[in-house]
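query_13.csv (CSV, C-alpha atoms and all ligand atoms) appears below.
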chain,number,residue,atom,x,y,z
A,1,MET,CA,42.4,35.9,-6.8
A,2,GLN,CA,40.7,33.4,-4.5
A,3,LEU,CA,42.3,30.1,-4.5
A,4,ALA,CA,41.5,26.6,-3.3
A,5,MET,CA,43.9,23.6,-3.1
A,6,ILE,CA,42.8,20.0,-3.4
A,7,ASP,CA,45.7,17.8,-2.3
A,8,ASP,CA,48.5,19.3,-4.5
A,9,LYS,CA,46.3,20.8,-7.1
A,10,LEU,CA,45.6,24.6,-7.1
A,11,VAL,CA,42.2,25.5,-8.3
A,12,GLY,CA,40.5,28.9,-8.7
A,13,MET,CA,37.7,29.3,-6.3
A,14,ASP,CA,35.3,30.0,-9.2
A,15,GLU,CA,36.3,26.6,-10.9
A,16,LEU,CA,35.7,24.6,-7.8
A,17,ALA,CA,33.1,21.8,-8.0
A,18,PRO,CA,30.2,22.8,-5.6
A,19,CYS,CA,30.6,19.6,-3.6
A,20,TYR,CA,33.9,21.1,-2.1
A,21,LEU,CA,31.9,24.0,-0.8
A,22,ASP,CA,29.1,22.0,0.7
A,23,ARG,CA,28.1,23.4,4.1
A,24,GLY,CA,27.6,19.8,5.2
A,25,ILE,CA,31.4,19.5,5.0
A,26,PHE,CA,32.3,22.8,6.6
A,27,PHE,CA,29.7,22.8,9.4
A,28,GLY,CA,27.8,19.5,9.3
A,29,ASP,CA,25.0,21.9,8.2
A,30,GLY,CA,22.5,19.3,7.1
A,31,VAL,CA,20.2,16.5,8.2
A,32,TYR,CA,19.8,12.9,7.1
A,33,GLU,CA,17.6,9.9,7.2
A,34,VAL,CA,18.1,6.1,7.0
A,35,MET,CA,15.2,3.9,6.0
A,36,ARG,CA,15.0,0.4,4.9
A,37,SER,CA,13.0,-2.1,2.8
A,38,TYR,CA,11.9,-5.6,3.8
A,39,ASN,CA,11.3,-7.9,0.8
A,40,GLY,CA,11.0,-5.2,-1.8
A,41,ARG,CA,8.8,-2.8,0.2
A,42,ILE,CA,10.0,0.3,2.0
A,43,PHE,CA,9.1,0.2,5.7
A,44,ALA,CA,7.7,3.2,7.6
A,45,LEU,CA,8.4,5.6,4.7
A,46,GLU,CA,6.0,8.3,6.1
A,47,GLU,CA,7.4,8.0,9.6
A,48,HIS,CA,10.9,8.7,8.3
A,49,MET,CA,9.6,11.5,6.1
A,50,GLU,CA,7.9,13.2,9.0
A,51,ARG,CA,11.1,13.0,11.1
A,52,PHE,CA,13.1,14.3,8.2
A,53,ALA,CA,10.7,17.3,7.9
A,54,ASN,CA,11.1,18.0,11.6
A,55,SER,CA,14.9,17.9,11.3
A,56,LEU,CA,14.9,20.3,8.4
A,57,ALA,CA,12.6,22.7,10.2
A,58,ALA,CA,14.6,22.5,13.4
A,59,ILE,CA,17.8,23.7,11.6
A,60,GLU,CA,15.8,26.2,9.5
A,61,ILE,CA,16.4,24.7,6.1
A,62,SER,CA,13.3,25.8,4.1
A,63,GLY,CA,12.2,25.4,0.6
A,64,VAL,CA,12.7,21.6,0.4
A,65,ASP,CA,10.0,19.9,-1.6
A,66,LEU,CA,9.3,16.8,0.5
A,67,ASN,CA,7.3,15.2,-2.2
A,68,GLN,CA,10.2,15.5,-4.5
A,69,VAL,CA,12.4,13.8,-1.9
A,70,ARG,CA,9.8,11.0,-1.6
A,71,VAL,CA,9.7,10.6,-5.4
A,72,ARG,CA,13.5,10.5,-5.5
A,73,VAL,CA,13.7,7.8,-2.8
A,74,LYS,CA,11.1,5.7,-4.6
A,75,LYS,CA,12.8,6.1,-8.0
A,76,ALA,CA,16.3,5.2,-6.6
A,77,PHE,CA,14.8,2.2,-4.7
A,78,GLU,CA,13.0,0.9,-7.8
A,79,SER,CA,16.1,1.3,-9.9
A,80,ALA,CA,18.4,-0.5,-7.4
A,81,LYS,CA,16.2,-3.6,-7.4
A,82,ILE,CA,17.5,-4.6,-3.9
A,83,GLU,CA,14.9,-6.5,-1.8
A,84,ASN,CA,16.4,-5.6,1.6
A,85,ALA,CA,17.9,-2.2,1.0
A,86,LYS,CA,19.3,0.5,3.3
A,87,ILE,CA,18.4,3.9,1.9
A,88,TYR,CA,20.5,6.8,3.2
A,89,PHE,CA,19.9,10.4,2.1
A,90,HIS,CA,20.8,13.8,3.3
A,91,ILE,CA,20.1,17.4,2.5
A,92,THR,CA,22.6,20.1,3.3
A,93,ARG,CA,21.9,23.8,3.4
A,94,GLY,CA,23.8,24.2,0.1
A,95,SER,CA,27.2,25.1,-1.3
A,96,ALA,CA,29.0,28.5,-0.7
A,97,PRO,CA,32.4,29.8,0.3
A,98,ARG,CA,32.9,29.2,4.0
A,99,ASN,CA,31.0,31.6,6.2
A,100,HIS,CA,29.1,30.8,9.4
A,101,ASN,CA,26.2,33.0,8.2
A,102,TRP,CA,24.1,31.4,5.5
A,103,ASP,CA,22.6,33.1,2.5
A,104,GLY,CA,18.9,32.5,2.4
A,105,ASN,CA,19.0,32.0,-1.3
A,106,LEU,CA,21.2,28.9,-1.2
A,107,LYS,CA,20.0,25.8,-3.0
A,108,PRO,CA,19.9,22.8,-0.7
A,109,ASN,CA,22.0,19.8,-1.9
A,110,PHE,CA,20.4,16.3,-2.0
A,111,PHE,CA,22.5,13.1,-1.8
A,112,LEU,CA,21.3,9.5,-1.6
A,113,THR,CA,22.8,6.0,-1.5
A,114,ILE,CA,21.2,2.6,-1.6
A,115,SER,CA,23.0,-0.6,-0.5
A,116,GLU,CA,22.1,-4.1,0.5
A,117,ILE,CA,21.4,-4.8,4.1
A,118,GLU,CA,23.5,-7.5,5.6
A,119,ASP,CA,21.6,-10.4,7.1
A,120,SER,CA,21.4,-10.0,10.9
A,121,SER,CA,19.7,-13.3,11.8
A,122,LYS,CA,22.8,-14.7,13.5
A,123,MET,CA,23.2,-11.5,15.5
A,124,LYS,CA,19.5,-11.8,16.5
A,125,GLU,CA,20.0,-15.3,17.7
A,126,GLU,CA,23.3,-14.9,19.5
A,127,GLY,CA,23.0,-11.3,20.7
A,128,VAL,CA,25.7,-8.7,20.8
A,129,SER,CA,28.0,-7.0,23.4
A,130,VAL,CA,27.8,-3.3,24.1
A,131,SER,CA,30.3,-1.0,25.8
A,132,ILE,CA,29.7,2.3,27.6
A,133,TYR,CA,30.9,5.8,26.6
A,134,PRO,CA,30.3,9.4,27.8
A,135,ASP,CA,27.5,11.2,25.9
A,136,MET,CA,29.5,14.1,24.6
A,137,ARG,CA,26.8,15.3,22.1
A,138,TRP,CA,24.9,18.6,21.9
A,139,LYS,CA,21.6,19.6,23.4
A,140,ARG,CA,19.4,18.8,20.4
A,141,CYS,CA,20.0,15.0,19.8
A,142,ASP,CA,16.4,14.8,18.6
A,143,ILE,CA,17.6,16.4,15.3
A,144,LYS,CA,19.0,13.8,12.9
A,145,SER,CA,21.9,16.2,12.0
A,146,LEU,CA,25.1,15.4,10.1
A,147,ASN,CA,27.2,16.3,13.1
A,148,LEU,CA,28.0,12.8,14.2
A,149,LEU,CA,31.6,13.1,15.6
A,150,PRO,CA,30.7,12.2,19.2
A,151,ASN,CA,28.7,9.2,17.8
A,152,VAL,CA,31.6,8.2,15.6
A,153,LEU,CA,34.2,8.4,18.4
A,154,ALA,CA,31.9,6.3,20.7
A,155,HIS,CA,31.2,3.7,18.0
A,156,ASN,CA,34.8,3.3,17.2
A,157,ASP,CA,35.7,2.9,20.8
A,158,ALA,CA,33.0,0.1,21.0
A,159,ALA,CA,34.4,-1.6,17.9
A,160,ARG,CA,37.9,-1.6,19.4
A,161,LYS,CA,36.4,-3.3,22.4
A,162,GLY,CA,34.8,-5.9,20.2
A,163,CYS,CA,31.3,-4.4,20.8
A,164,PHE,CA,28.5,-3.8,18.4
A,165,ASP,CA,27.6,-0.3,19.8
A,166,ALA,CA,28.4,2.0,22.7
A,167,ILE,CA,25.7,3.0,25.1
A,168,LEU,CA,26.0,6.7,25.9
A,169,ILE,CA,25.9,7.9,29.5
A,170,ASN,CA,25.1,11.6,30.2
A,171,ASP,CA,26.8,13.8,32.9
A,172,THR,CA,24.3,12.8,35.5
A,173,GLY,CA,25.0,9.1,35.0
A,174,LEU,CA,21.8,8.3,33.0
A,175,ILE,CA,21.8,6.2,29.8
A,176,THR,CA,20.5,8.2,26.9
A,177,GLU,CA,20.8,5.8,23.9
A,178,GLY,CA,23.3,3.9,21.8
A,179,SER,CA,25.7,5.8,19.5
A,180,SER,CA,23.7,4.5,16.6
A,181,SER,CA,20.7,2.8,18.2
A,182,ALA,CA,17.9,3.2,20.7
A,183,PHE,CA,18.3,1.3,24.0
A,184,PHE,CA,15.8,-0.9,25.8
A,185,ALA,CA,15.6,-3.0,29.0
A,186,ILE,CA,13.1,-5.5,30.3
A,187,PHE,CA,12.4,-5.8,34.0
A,188,GLY,CA,9.9,-8.6,34.7
A,189,LYS,CA,7.0,-7.8,32.4
A,190,LYS,CA,7.9,-4.2,31.8
A,191,LEU,CA,9.9,-2.6,29.0
A,192,GLN,CA,11.9,0.5,29.9
A,193,THR,CA,13.5,3.0,27.6
A,194,THR,CA,14.6,6.7,27.7
A,195,PRO,CA,11.7,9.1,27.2
A,196,LEU,CA,11.6,11.1,24.0
A,197,GLY,CA,13.0,14.7,24.3
A,198,THR,CA,16.0,16.6,23.2
A,199,SER,CA,18.5,14.0,24.6
A,200,VAL,CA,17.6,11.2,22.2
A,201,LEU,CA,16.7,10.7,18.5
A,202,PRO,CA,13.0,9.9,18.1
A,203,SER,CA,13.8,6.4,16.8
A,204,ILE,CA,11.3,5.0,14.3
A,205,THR,CA,12.2,1.5,15.5
A,206,ARG,CA,11.4,2.6,19.1
A,207,LYS,CA,7.9,3.6,18.0
A,208,PHE,CA,7.3,0.1,16.6
A,209,VAL,CA,9.0,-1.6,19.5
A,210,LEU,CA,6.5,0.1,21.9
A,211,LYS,CA,3.6,-1.0,19.7
A,212,ALA,CA,5.0,-4.6,19.7
A,213,ALA,CA,5.4,-4.5,23.4
A,214,LYS,CA,1.8,-3.5,24.0
A,215,ASN,CA,0.7,-6.2,21.6
A,216,ILE,CA,2.5,-8.9,23.7
A,217,GLY,CA,1.3,-7.5,27.0
A,218,LEU,CA,4.4,-5.8,28.3
A,219,GLY,CA,4.0,-2.7,30.5
A,220,ILE,CA,5.9,0.4,29.3
A,221,ILE,CA,8.1,2.7,31.4
A,222,GLU,CA,9.5,5.7,29.6
A,223,GLU,CA,12.2,6.7,32.1
A,224,SER,CA,15.9,6.9,31.9
A,225,MET,CA,18.0,4.4,33.7
A,226,THR,CA,21.5,4.2,35.2
A,227,VAL,CA,24.3,1.7,34.3
A,228,PRO,CA,23.7,-0.3,37.6
A,229,MET,CA,20.0,-0.5,36.7
A,230,ALA,CA,20.7,-1.7,33.2
A,231,LEU,CA,23.0,-4.4,34.6
A,232,CYS,CA,20.1,-5.7,36.7
A,233,ALA,CA,17.8,-6.0,33.7
A,234,ASP,CA,16.4,-9.4,32.8
A,235,GLU,CA,16.9,-8.6,29.1
A,236,LEU,CA,18.5,-5.7,27.1
A,237,PHE,CA,18.2,-4.9,23.4
A,238,LEU,CA,18.9,-2.3,20.8
A,239,GLY,CA,16.6,-0.9,18.2
A,240,VAL,CA,17.8,0.5,14.9
A,241,THR,CA,16.2,0.7,11.4
A,242,THR,CA,18.7,-1.4,9.6
A,243,LYS,CA,18.5,-4.4,12.0
A,244,ASP,CA,15.2,-3.7,14.0
A,245,ILE,CA,15.8,-5.5,17.3
A,246,ILE,CA,19.2,-6.8,18.4
A,247,PRO,CA,19.5,-8.6,21.8
A,248,VAL,CA,22.3,-7.4,24.1
A,249,ILE,CA,23.9,-10.2,26.0
A,250,ARG,CA,26.9,-8.3,27.5
A,251,PHE,CA,26.8,-4.8,28.8
A,252,ASP,CA,30.1,-3.2,29.7
A,253,GLU,CA,31.7,-6.7,29.9
A,254,ARG,CA,29.1,-8.1,32.2
A,255,LYS,CA,26.6,-10.8,31.3
A,256,ILE,CA,22.9,-9.9,31.1
A,257,GLY,CA,20.5,-12.6,32.2
A,258,THR,CA,21.6,-15.9,30.7
A,259,ALA,CA,23.7,-14.2,28.0
A,260,THR,CA,21.3,-15.4,25.3
A,261,CYS,CA,18.4,-13.7,23.5
A,262,GLY,CA,15.8,-13.3,26.2
A,263,ARG,CA,12.2,-14.6,26.0
A,264,TYR,CA,10.5,-11.3,25.6
A,265,THR,CA,13.1,-9.9,23.2
A,266,LYS,CA,12.4,-13.0,21.0
A,267,GLN,CA,8.7,-12.3,21.1
A,268,LEU,CA,9.3,-8.7,20.3
A,269,ILE,CA,11.4,-9.6,17.3
A,270,GLU,CA,8.6,-11.9,16.0
A,271,GLU,CA,5.9,-9.2,16.7
A,272,PHE,CA,8.0,-6.5,15.0
A,273,HIS,CA,8.4,-8.7,11.9
A,274,ARG,CA,4.6,-8.9,11.7
A,275,PHE,CA,4.7,-5.1,11.0
A,276,THR,CA,7.2,-5.6,8.2
A,277,GLU,CA,5.4,-8.4,6.4
A,301,LIG,N1,19.7,6.8,18.2
A,301,LIG,C1,20.8,7.1,17.4
A,301,LIG,C2,21.8,8.0,17.9
A,301,LIG,C3,20.8,6.6,16.0
A,301,LIG,O1,21.9,7.0,15.3
A,301,LIG,C4,19.8,5.7,15.6
A,301,LIG,C5,19.9,5.2,14.2
A,301,LIG,O2,20.8,5.4,13.5
A,301,LIG,C6,18.8,5.4,16.4
A,301,LIG,C7,18.8,5.9,17.7
A,301,LIG,C8,17.7,4.5,16.0
A,301,LIG,O3,16.8,5.2,15.1
A,301,LIG,P1,16.0,4.5,14.1
A,301,LIG,O4,15.2,3.5,14.8
A,301,LIG,O5,15.1,5.6,13.5
A,301,LIG,O6,16.9,3.9,13.1
Since I need it in another form, could you write the structure as structure tokens?
Amino acid sequence: MQLAMIDDKLVGMDELAPCYLDRGIFFGDGVYEVMRSYNGRIFALEEHMERFANSLAAIEISGVDLNQVRVRVKKAFESAKIENAKIYFHITRGSAPRNHNWDGNLKPNFFLTISEIEDSSKMKEEGVSVSIYPDMRWKRCDIKSLNLLPNVLAHNDAARKGCFDAILINDTGLITEGSSSAFFAIFGKKLQTTPLGTSVLPSITRKFVLKAAKNIGLGIIEESMTVPMALCADELFLGVTTKDIIPVIRFDERKIGTATCGRYTKQLIEEFHRFTE
């Protein structure tokens, strides 16, 4: 007899609810997306769907009907009636007794939540502090995978230090990105950020930030930077779907510029909001 135990309760393996055997739990074997709405309209839905499709393909989860995902997202969004909503969803490879090898016939599991986005206007005005932390992640950070333990450890370390996020530093001393955000610096009239590749998530916010930067006449440098370089920046900011642009006023306990939201960051926030109107 094959047995499972949930806290103190013994259950026959065949009676177990499939969620206990989700490969997402055993192996983090799944991918996710986070999108948001502004004033009752989902922002950049197709960009998120495209990234989701890339993540699914990269971990060889096939047979997902992306149109069905789109329909589910819209249905949940319409039912929730939240103007400024955060929409989280994931697909795991499916449920089966624990085995590293997957069975090609597994049915992927879909899960979604919608919640209200907290107002971040104060954060945008005042800016946030960030800490630094070693980038301990794997070599495919471009995949939005459920394996987030290094990000979770980094983010909790930041929270303990009173910081909004941790900026991850790789083994060669270069900044990759935040544990839950993309990272940007402004030097003079130039915006600098890590180039896309396998070491960072292709952030959707990043894409719109670069567009906004061009619109306001900033030059763009897609090159990694070190911590000493970031400390010399005129302005720093983070990009993340749920909050778009957040100014950084302290980096690893040191003040950036005048420790207020910088002039170009402010302009980028305004320009970004034109895309969301
Ligand atoms: N980098 C990491 C590691 C993230 O977790 C996130 C967002 O959660 C981002 C960057 C920003 O991505 P996006 O702009 O698509 O929200």
Exercise for review: Collect all residues with atoms no farther than 9 Å from ligand LIG 301 (chain A), counting only C-alpha atoms and all ligand atoms, and output them as a PyMOL selection string.
Suggested key: chain A and resi 33-35+47-48+51+141-142+144+148+151+176-183+200-208+238-244
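Closest approach to A:Leu106 from the set A:Lys122, A:Arg23, A:Lys75, A:Lys81 is made by A:Arg23, with distances taken over all atoms listed in the file.
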Against stretch 215-219 of chain A, which residues of stretch 90-193 of chain A fall within 10 Å? For each one I want the closest pair of atoms and the distance in Å (one decimal), counting only C-alpha atoms, rows by chain and increasing residue number, as a tab-separated table.
residue	atom	partner	partner_atom	distance
A:Ile186	CA	A:Leu218	CA	8.9
A:Phe187	CA	A:Gly219	CA	9.6
A:Gly188	CA	A:Leu218	CA	8.9
A:Lys189	CA	A:Leu218	CA	5.3
A:Lys190	CA	A:Gly219	CA	4.4
A:Leu191	CA	A:Gly219	CA	6.1
A:Gln192	CA	A:Gly219	CA	8.5
Practice item. May I have the residues within 10 Å of A:Ser145 as a list of chain:residue names, using all atoms listed in the file and disregarding those fewer than 4 positions away in the same chain? Key: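 Neighbouring residues, sequence-local ones excluded: A:Gly24, A:Gly28, A:Asp29, A:Gly30, A:Val31, A:Tyr32, A:Glu33, A:Phe52, A:Ser55, A:Leu56, A:Ala58, A:Ile59, A:His90, A:Ile91, A:Thr92, A:Arg140, A:Cys141, A:Leu201.
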Review point. Looking at all atoms listed in the file, which of A:Lys214, A:Arg160, A:Arg93, A:Lys124 is the one that sits closest to A:Cys261?
Key: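 Smallest distance to A:Cys261 is found for A:Lys124.
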Check which residues of stretch 243-262 of chain A sit at most 8 Å from stretch 229-233 of chain A using only C-alpha atoms, and return one row each with the closest pair of atoms and their distance in Å to one decimal, ordered by chain and rising number, as a Markdown table.
| residue | atom | partner | partner_atom | distance |
| --- | --- | --- | --- | --- |
| A:Phe251 | CA | A:Leu231 | CA | 6.9 |
| A:Arg254 | CA | A:Leu231 | CA | 7.5 |
| A:Ile256 | CA | A:Leu231 | CA | 6.5 |
| A:Gly257 | CA | A:Ala233 | CA | 7.3 |
Can you write just those residues out, C-alpha atoms, as an mmCIF file, keeping the file's coordinate frame?
data_model
loop_
_atom_site.group_PDB
_atom_site.id
_atom_site.type_symbol
_atom_site.label_atom_id
_atom_site.label_comp_id
_atom_site.auth_asym_id
_atom_site.auth_seq_id
_atom_site.Cartn_x
_atom_site.Cartn_y
_atom_site.Cartn_z
ATOM 1 C CA PHE A 251 26.800 -4.800 28.800
ATOM 2 C CA ARG A 254 29.100 -8.100 32.200
ATOM 3 C CA ILE A 256 22.900 -9.900 31.100
ATOM 4 C CA GLY A 257 20.500 -12.600 32.200
#
Check your understanding: What is the atom CA of A:Arg250-atom CA of A:His155 distance in Å, reported with one decimal?
Key ->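 Taking atom CA of A:Arg250 and atom CA of A:His155, their separation equals 15.9 Å.
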**Study point:** Interatomic distance, atom CA of A:Pro150 to atom CA of A:Leu168 (Å, one decimal)
**Key:** 9.9 Å
Practice item. Dig up all the protein and nucleic acid residues within 10 Å of (36.1, -6.1, 28.3) in the file frame, using all atoms listed in the file, and format them as a ChimeraX atom specification. Key: /A:129-131,161-163,250-254
For the residues in that selection, give me C-alpha atoms as a JSON list (two decimals), in the coordinates of the input.
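Saved result, part.json, follows:
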[["chain", "number", "residue", "atom", "x", "y", "z"],
["A", 129, "SER", "CA", 28.00, -7.00, 23.40],
["A", 130, "VAL", "CA", 27.80, -3.30, 24.10],
["A", 131, "SER", "CA", 30.30, -1.00, 25.80],
["A", 161, "LYS", "CA", 36.40, -3.30, 22.40],
["A", 162, "GLY", "CA", 34.80, -5.90, 20.20],
["A", 163, "CYS", "CA", 31.30, -4.40, 20.80],
["A", 250, "ARG", "CA", 26.90, -8.30, 27.50],
["A", 251, "PHE", "CA", 26.80, -4.80, 28.80],
["A", 252, "ASP", "CA", 30.10, -3.20, 29.70],
["A", 253, "GLU", "CA", 31.70, -6.70, 29.90],
["A", 254, "ARG", "CA", 29.10, -8.10, 32.20]]
Check your understanding: Just how far from atom CA of A:Pro108 is atom CA of A:Val64, in Å to one decimal?
Key ->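 Calculated distance between atom CA of A:Val64 and atom CA of A:Pro108 is 7.4 Å.
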Review point. Using all atoms listed in the file, which of the listed residues (A:Glu271, A:Ile143, A:Asp165, A:Ile82) sits closest to A:Ala57?
Key: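 That would be A:Ile143, the residue with the smallest distance to A:Ala57.
Of the residues under consideration (A:Val152, A:Leu146, A:Ala85, A:Leu268), A:Ala85 shows the shortest atom-to-atom contact distance to A:Ile117 when counting only C-alpha atoms.
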Review point. Which residue, A:Met1, A:Val227, A:Ile6, A:Met49, has the smallest gap to A:Asn170 when you use only C-alpha atoms?
Key: A:Val227
Review point. With only C-alpha atoms as the atoms that count, which of A:Gln267, A:Ser120, A:Thr260, A:Asn101 lies nearest to A:Val209?
Key: A:Gln267
Around all the atoms of stretch 91-110 of chain A listed in the file, draw an axis-aligned box and extend it by 5 Å on each of the six sides; I want its centre and edge lengths in Å to one decimal, as AutoDock Vina command-line options.
--center_x 25.9 --center_y 24.7 --center_z 3.2 --size_x 24.0 --size_y 26.8 --size_z 22.4
Check your understanding: Can you tell me, as number ranges by chain, what residues are no more than 9 Å from A:Gly262 when counting all atoms listed in the file, ignoring any on the same chain fewer than 4 positions away?
Key -> A: 234-236, 247, 249, 257-258, 266-267
Exercise for review: May I have the residues at most 6 Å from (20.5, 3.1, -5.5) in the file's coordinates, counting only C-alpha atoms, as an MDAnalysis selection string?
Suggested key: chainID A and resid 76:77 80 113:114
How about saving the chosen residues, C-alpha atoms kept, as a tab-separated table (two decimals), in the coordinates of the input?
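result.tsv, freshly written:
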chain	number	residue	atom	x	y	z
A	76	ALA	CA	16.30	5.20	-6.60
A	77	PHE	CA	14.80	2.20	-4.70
A	80	ALA	CA	18.40	-0.50	-7.40
A	113	THR	CA	22.80	6.00	-1.50
A	114	ILE	CA	21.20	2.60	-1.60
